[in-house]
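Here is the structure we will look at, set down as structure tokens.
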Amino acid sequence: MTTITRPRATTRRRQRARTSTHHQAAYPLWFLLPAIVIFTVLFLVPTMSSFYFSLTRWSLFDIEFIGFENFVTFFTEPSLSRSLTNTLVYAVLTSGAKVVLGMGLGVLLTSQIIGRGYLRNVVFFPVLVSVVGVGITFSVLMNPTEGLINQALALVGISGPAWLTDPTLALISVALVDIWKGVGLATLIYIAGIVSIPQEYVEAARVDGAGGVKAFWYVTVPLLWPATSTVIILSLIGGLRTFDLIWTMTHGGPGFSSDVLASVVFKQYQAGFYGISTAGNVVLFVVVTAIVLPVSRFLSRKEAEL
Amino acid sequence: MKTRRYVAGGIAILASLVVFVVPFVFILLTAGKGRAEANQLEFTWPTDWQLWENVVEVWNTRDGMFLTAMINSVILTVASVSGMVVLGAMVGYVLQRRKGWWTPVANVLILAGLIIPPAVVPTIWVMQGLGIYKTLPGLVMIEIAFGLAFTVLLIRAFVANIPRELDEAALIDGAGPLRLFFQVVFPLLRSVIITVVVVQSVFVFNDFQNPLYFLPGNENATVQLTLFNFQSQFNQMRNLLFTDILLITIPPLLMYMFFNRRIVAGLTSGAIKG
Amino acid sequence: MLSRKIRARRLGAVGTVAIAGLALAGCSGGGGATDDESASGPVELTILIDSTEATVSTMQGLVDAYTAENPDVTIELENRPQGSEGDNVVKTRLQTGDMPDLFWYNSGSLLQALAPEQTLVDLSGESFMDAVTDTFKAGVTAGEGVYGVPVGNAMGGGVLYNKKVYEQLGLEVPTTWADFISNSEAIKAAGIDPIIQSYGADSTWTSQLFVLGDYYNVEAADPGWAEKFTANEAHFADTPSAQLGFDHLQEGFEKGLYNADFGTTTYADALEKLATGTGAQYPMLTFAVSEIQANFPDNLQDVGFFAIPGEDASDVGMTTWLSAALYIPQGGENEAAAKEFLAFVASPEGCDAQTEAVGVTGPYFIDGCDLPADLPPAVQDLQAYFDSGKTFPALEFLSPVKGPSLEQITVAVGSGINTGAEGAALYDDDVLKQAQQLGLEGW
């Protein structure tokens, strides 16, 4: 119920409307129905049933209940369990970088510098390009011998690494491309956050004698919490569920060195191991919920404190 | 102060050229080259621009697969985004206006829809049961189901800003709930709907994972799937590969240029409030 | 998996993809069929095949030759997709009784997944099967029954090598693994990439050859290993001879015998290196010869072939790959006419029709079939192994068990991420999942 004061005539009319049965009927619950049907059938039912299917050995025609065997397989086979750590590394790396770079770029692109409009556009542009397109482009740019990146590094006397084929580096290289593609969105969110900070706050801090850095750290950064928590949550969800970029650039390789949960789910599905694939989905579900929920609760509590 | 403005801006522009502009120029240059030259992967001006020839060749590959895929992608995008907007608006509107026991339930479901990764094989199993696996309408419904939570979130936040008095005035005038919603409320949602349309269109058009799982097969491939398959087929023809990338980047780019301001405004306000 | 790739690769040789013939798809279940046993009067047969150019051309050649001789018979070719999608089409149609009169499918482990004893017509009593070689029969046998008639050529898994490089350095074809390594060291000293590996985009399947192509040597050391493997009694990690394939891969990496850019080299790049002599030896299946013929015709004479050498110089033999086959589903209306067509396929006339249509990359699995005289050197080398009888089928034609992740594992070993022993153990895990999925006894 709104508490805004309003002219008497409207109030009277409103009361009349409420006493009639019209009021409830104006917002019929069946409006929810089509959405609920689609969401339930194609999202909730599969999600719920995945808990059962993950306990089965499941092929095209057969289904057999085998208890927790799939999960045992999942956590004991190095080729599978590795994907769990990779997923976490990837998500933390990309989220962290997007916060830092996004905030920095946000501050830069709201300050009075030349070429601001151009810079905003150019940083945001990768967000629009398809992941597959970006993946293919960077696979070429990151070619260890002929790729543009290492050719450029060679010009300044650095011999660049084998970005995507070095097993210790492949995951990080893909994460770098992910950051490149996603930093535009983070920047955008920060720009909106910065613009909505009342200028008086910053000025007040200045008057109190805080320098540029100090004002930034003690005034701007805390006031940007809503933006920061949005960026963290969005990139954590995206990072933990990541598939497209990994699949386009490395297929989880070389070997299994850049496999993440979502790519393992796909590979097991391709191999016809539907039970194990679904178990992978359940692991992913648990990981995402167990990380994103507490983090988002923590962030909003922090937000309330400030 | 003034010099700082130029120095900082200058450095930023230089850095942006290297980091952001070069990859795109590389796509463009490679798309303009002949086969042998493109395969050298160099960042050079094409000795002989043949962008148009490459476009024609991509167009004709595999019996016009590109056009089929483009049509499929456009249908998929238009249909699923329309569905998301209409259904999402109905839900966001009712949820905001009418609180009850379902409100906390709805909040949990929206949160679930936002963060839970879909369970792939069980979803295929359900779709097979319904006879919509490997069909475009099936994929449309999938995109709607997966995109609803975000849409509802944005729209519900926006509906809160529409004064209830408007609803009531319309009710007094004898409007039924359908007329009230579609003729009075829906038009007022215009700006948030534009945001939803742009964001979700770019997402659905660029989606790779869902078509890969739920719409496999060559006959009904989407542009992202064809691009992915071209990657191996065009392995020795990088000019065509990059021409393909260039072509399928155009629709989202147009979208952005048309709605540039609005995306920024709508997305950020929605995201931060949400 | 490898055999599946073969279908995809052959098409690459021709450079185009045929989606043609989809229009035929609706025409299955020949309407004008007669019930007459002797197939007098007009008969219409339908054959389900995969849509690759190589398959379509081969089958079209066979069909044209057959119908020219038998004007009463008309044959429709119905296309299906390749790869795992195609596998599902075949399984589903068999399950629902919707399979046309004949279909084309892999032999070996993929065939076993179709449960042939319940779904296919046993051909073991047919006289035309006498002409089919025993090697091939082994790959299409389930229980007591024999189910398929081969189409296409035999292949060998081994090493394609550049003969010019070998001549220049005065090397001889190795008969033991140690010889192979010392040859490779000599080639490396001459500044040429000794062993080509290609783990680049879409080419990781090529990494499996050292393991899969070594089965002749495994069998030589442990006769009957495949049965023990199928019964869960022997594994890669606990059989030294079986683990050797993985160890070899590790050894090649550690001794620096691979091309430096193996991580990004693709199959096509690798063939170019081999044909032009910047790389000397490429572990591969012999069907790659047709690709070299298409893309580097001038270098075709420079490429030879030898089997993957084992430990014993006195027993040098080759691991072979079987071709695909034609099968008859149970309960078809035109079984008699279908068998007559198979009799033609299993005859020298059938081979000639195929040779005319697509050429040859190896011997046929049909007795009495001649190969043209002007075979490329690599195919001659391949033929020599068959002539000497020193061949043994690859494991996937002897056992239904094949793990789906072998190519990632061999890439990991070949890239130095895992040791050979680790790779073998990883593969045993992978195999376990597949065997359980198939519901095999003893797992």
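Each chain of the structure tokens is named A, B, ... in the order shown, its residues numbered from 1; ligands are numbered from 1 in display order.
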
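Taking only C-alpha atoms, the non-local environment of Thr44 in chain B within 9 Å (same-chain residues fewer than 4 positions away omitted) comprises Phe26, Leu29 and Thr30 of chain B.
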
Quick one: write out the picked residues with N, CA and C atoms as a compact mmCIF listing (two decimals), in the first residue's frame?
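Output file selection-v7.txt follows:
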```txt
# COMPACT_ATOMS: atom_id res chain seq x y z
N PHE B 26 41.51 -6.81 -36.77
CA PHE B 26 42.07 -8.08 -37.25
C PHE B 26 40.98 -8.93 -37.92
N LEU B 29 40.23 -7.23 -41.29
CA LEU B 29 41.30 -7.40 -42.27
C LEU B 29 41.34 -8.83 -42.79
N THR B 30 41.23 -9.79 -41.86
CA THR B 30 41.31 -11.19 -42.29
C THR B 30 40.13 -11.54 -43.18
```

- Task: Identify all residues of range 104-177 of chain A in alpha helix (DSSP H) (DSSP on the backbone) and supply them as a VMD selection string.
- Result: chain A and resid 104 to 110 116 to 128 131 to 141 148 to 155 170 to 177

Those selected residues, please, written with C-alpha atoms and delivered as a compact mmCIF listing (two decimals), in the first residue's frame.
```
# COMPACT_ATOMS: atom_id res chain seq x y z
CA GLY A 104 38.99 1.46 -12.52
CA LEU A 105 37.54 1.92 -15.96
CA GLY A 106 34.29 3.18 -14.47
CA VAL A 107 36.12 5.91 -12.57
CA LEU A 108 38.25 6.77 -15.59
CA LEU A 109 35.30 6.92 -17.95
CA THR A 110 33.28 9.20 -15.68
CA ARG A 116 35.15 9.51 -23.30
CA GLY A 117 32.27 8.59 -25.58
CA TYR A 118 34.54 6.59 -27.86
CA LEU A 119 36.13 4.79 -24.92
CA ARG A 120 32.80 3.80 -23.40
CA ASN A 121 31.66 2.34 -26.70
CA VAL A 122 34.84 0.49 -27.44
CA VAL A 123 35.02 -1.11 -24.00
CA PHE A 124 31.40 -2.23 -24.22
CA PHE A 125 31.59 -3.54 -27.76
CA PRO A 126 32.99 -7.03 -26.97
CA VAL A 127 29.91 -7.66 -24.84
CA LEU A 128 27.86 -7.71 -28.04
CA VAL A 131 31.26 -15.93 -27.42
CA VAL A 132 31.99 -18.33 -30.27
CA GLY A 133 33.22 -15.47 -32.45
CA VAL A 134 35.43 -14.10 -29.70
CA GLY A 135 36.73 -17.58 -28.93
CA ILE A 136 37.72 -18.27 -32.50
CA THR A 137 39.32 -14.86 -32.92
CA PHE A 138 41.46 -15.23 -29.82
CA SER A 139 42.41 -18.82 -30.62
CA VAL A 140 44.02 -17.35 -33.73
CA LEU A 141 45.53 -14.35 -31.95
CA LEU A 148 49.52 -11.67 -33.36
CA ILE A 149 50.02 -11.56 -29.60
CA ASN A 150 53.30 -13.45 -29.58
CA GLN A 151 54.47 -11.75 -32.77
CA ALA A 152 53.95 -8.43 -31.04
CA LEU A 153 55.71 -9.63 -27.90
CA ALA A 154 58.61 -10.82 -30.04
CA LEU A 155 59.01 -7.29 -31.39
CA ALA A 170 45.34 -22.80 -20.99
CA LEU A 171 42.68 -22.17 -18.34
CA ILE A 172 44.14 -18.78 -17.45
CA SER A 173 44.35 -17.76 -21.09
CA VAL A 174 40.67 -18.52 -21.57
CA ALA A 175 39.90 -16.60 -18.37
CA LEU A 176 41.80 -13.60 -19.77
CA VAL A 177 39.63 -13.65 -22.88
```

- Task: With a cut-off of 7 Å and counting only C-alpha atoms, select all residues of chain C in contact with chain A and give the selection as a ChimeraX atom specification.
- Result: /C:263,404,408-409,411-412,437

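Take CA of Asp302 in chain C and CA of Gln168 in chain C: the distance between them is 12.0 Å.
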
- With a distance cut-off of 10 Å and only C-alpha atoms, select the neighbouring residues of Leu171 in chain C, excluding the residue or stretch itself and same-chain residues fewer than 5 positions from it, and output the selection as a PyMOL selection string. chain C and resi 163+165-166+179-180+182-184+186-187
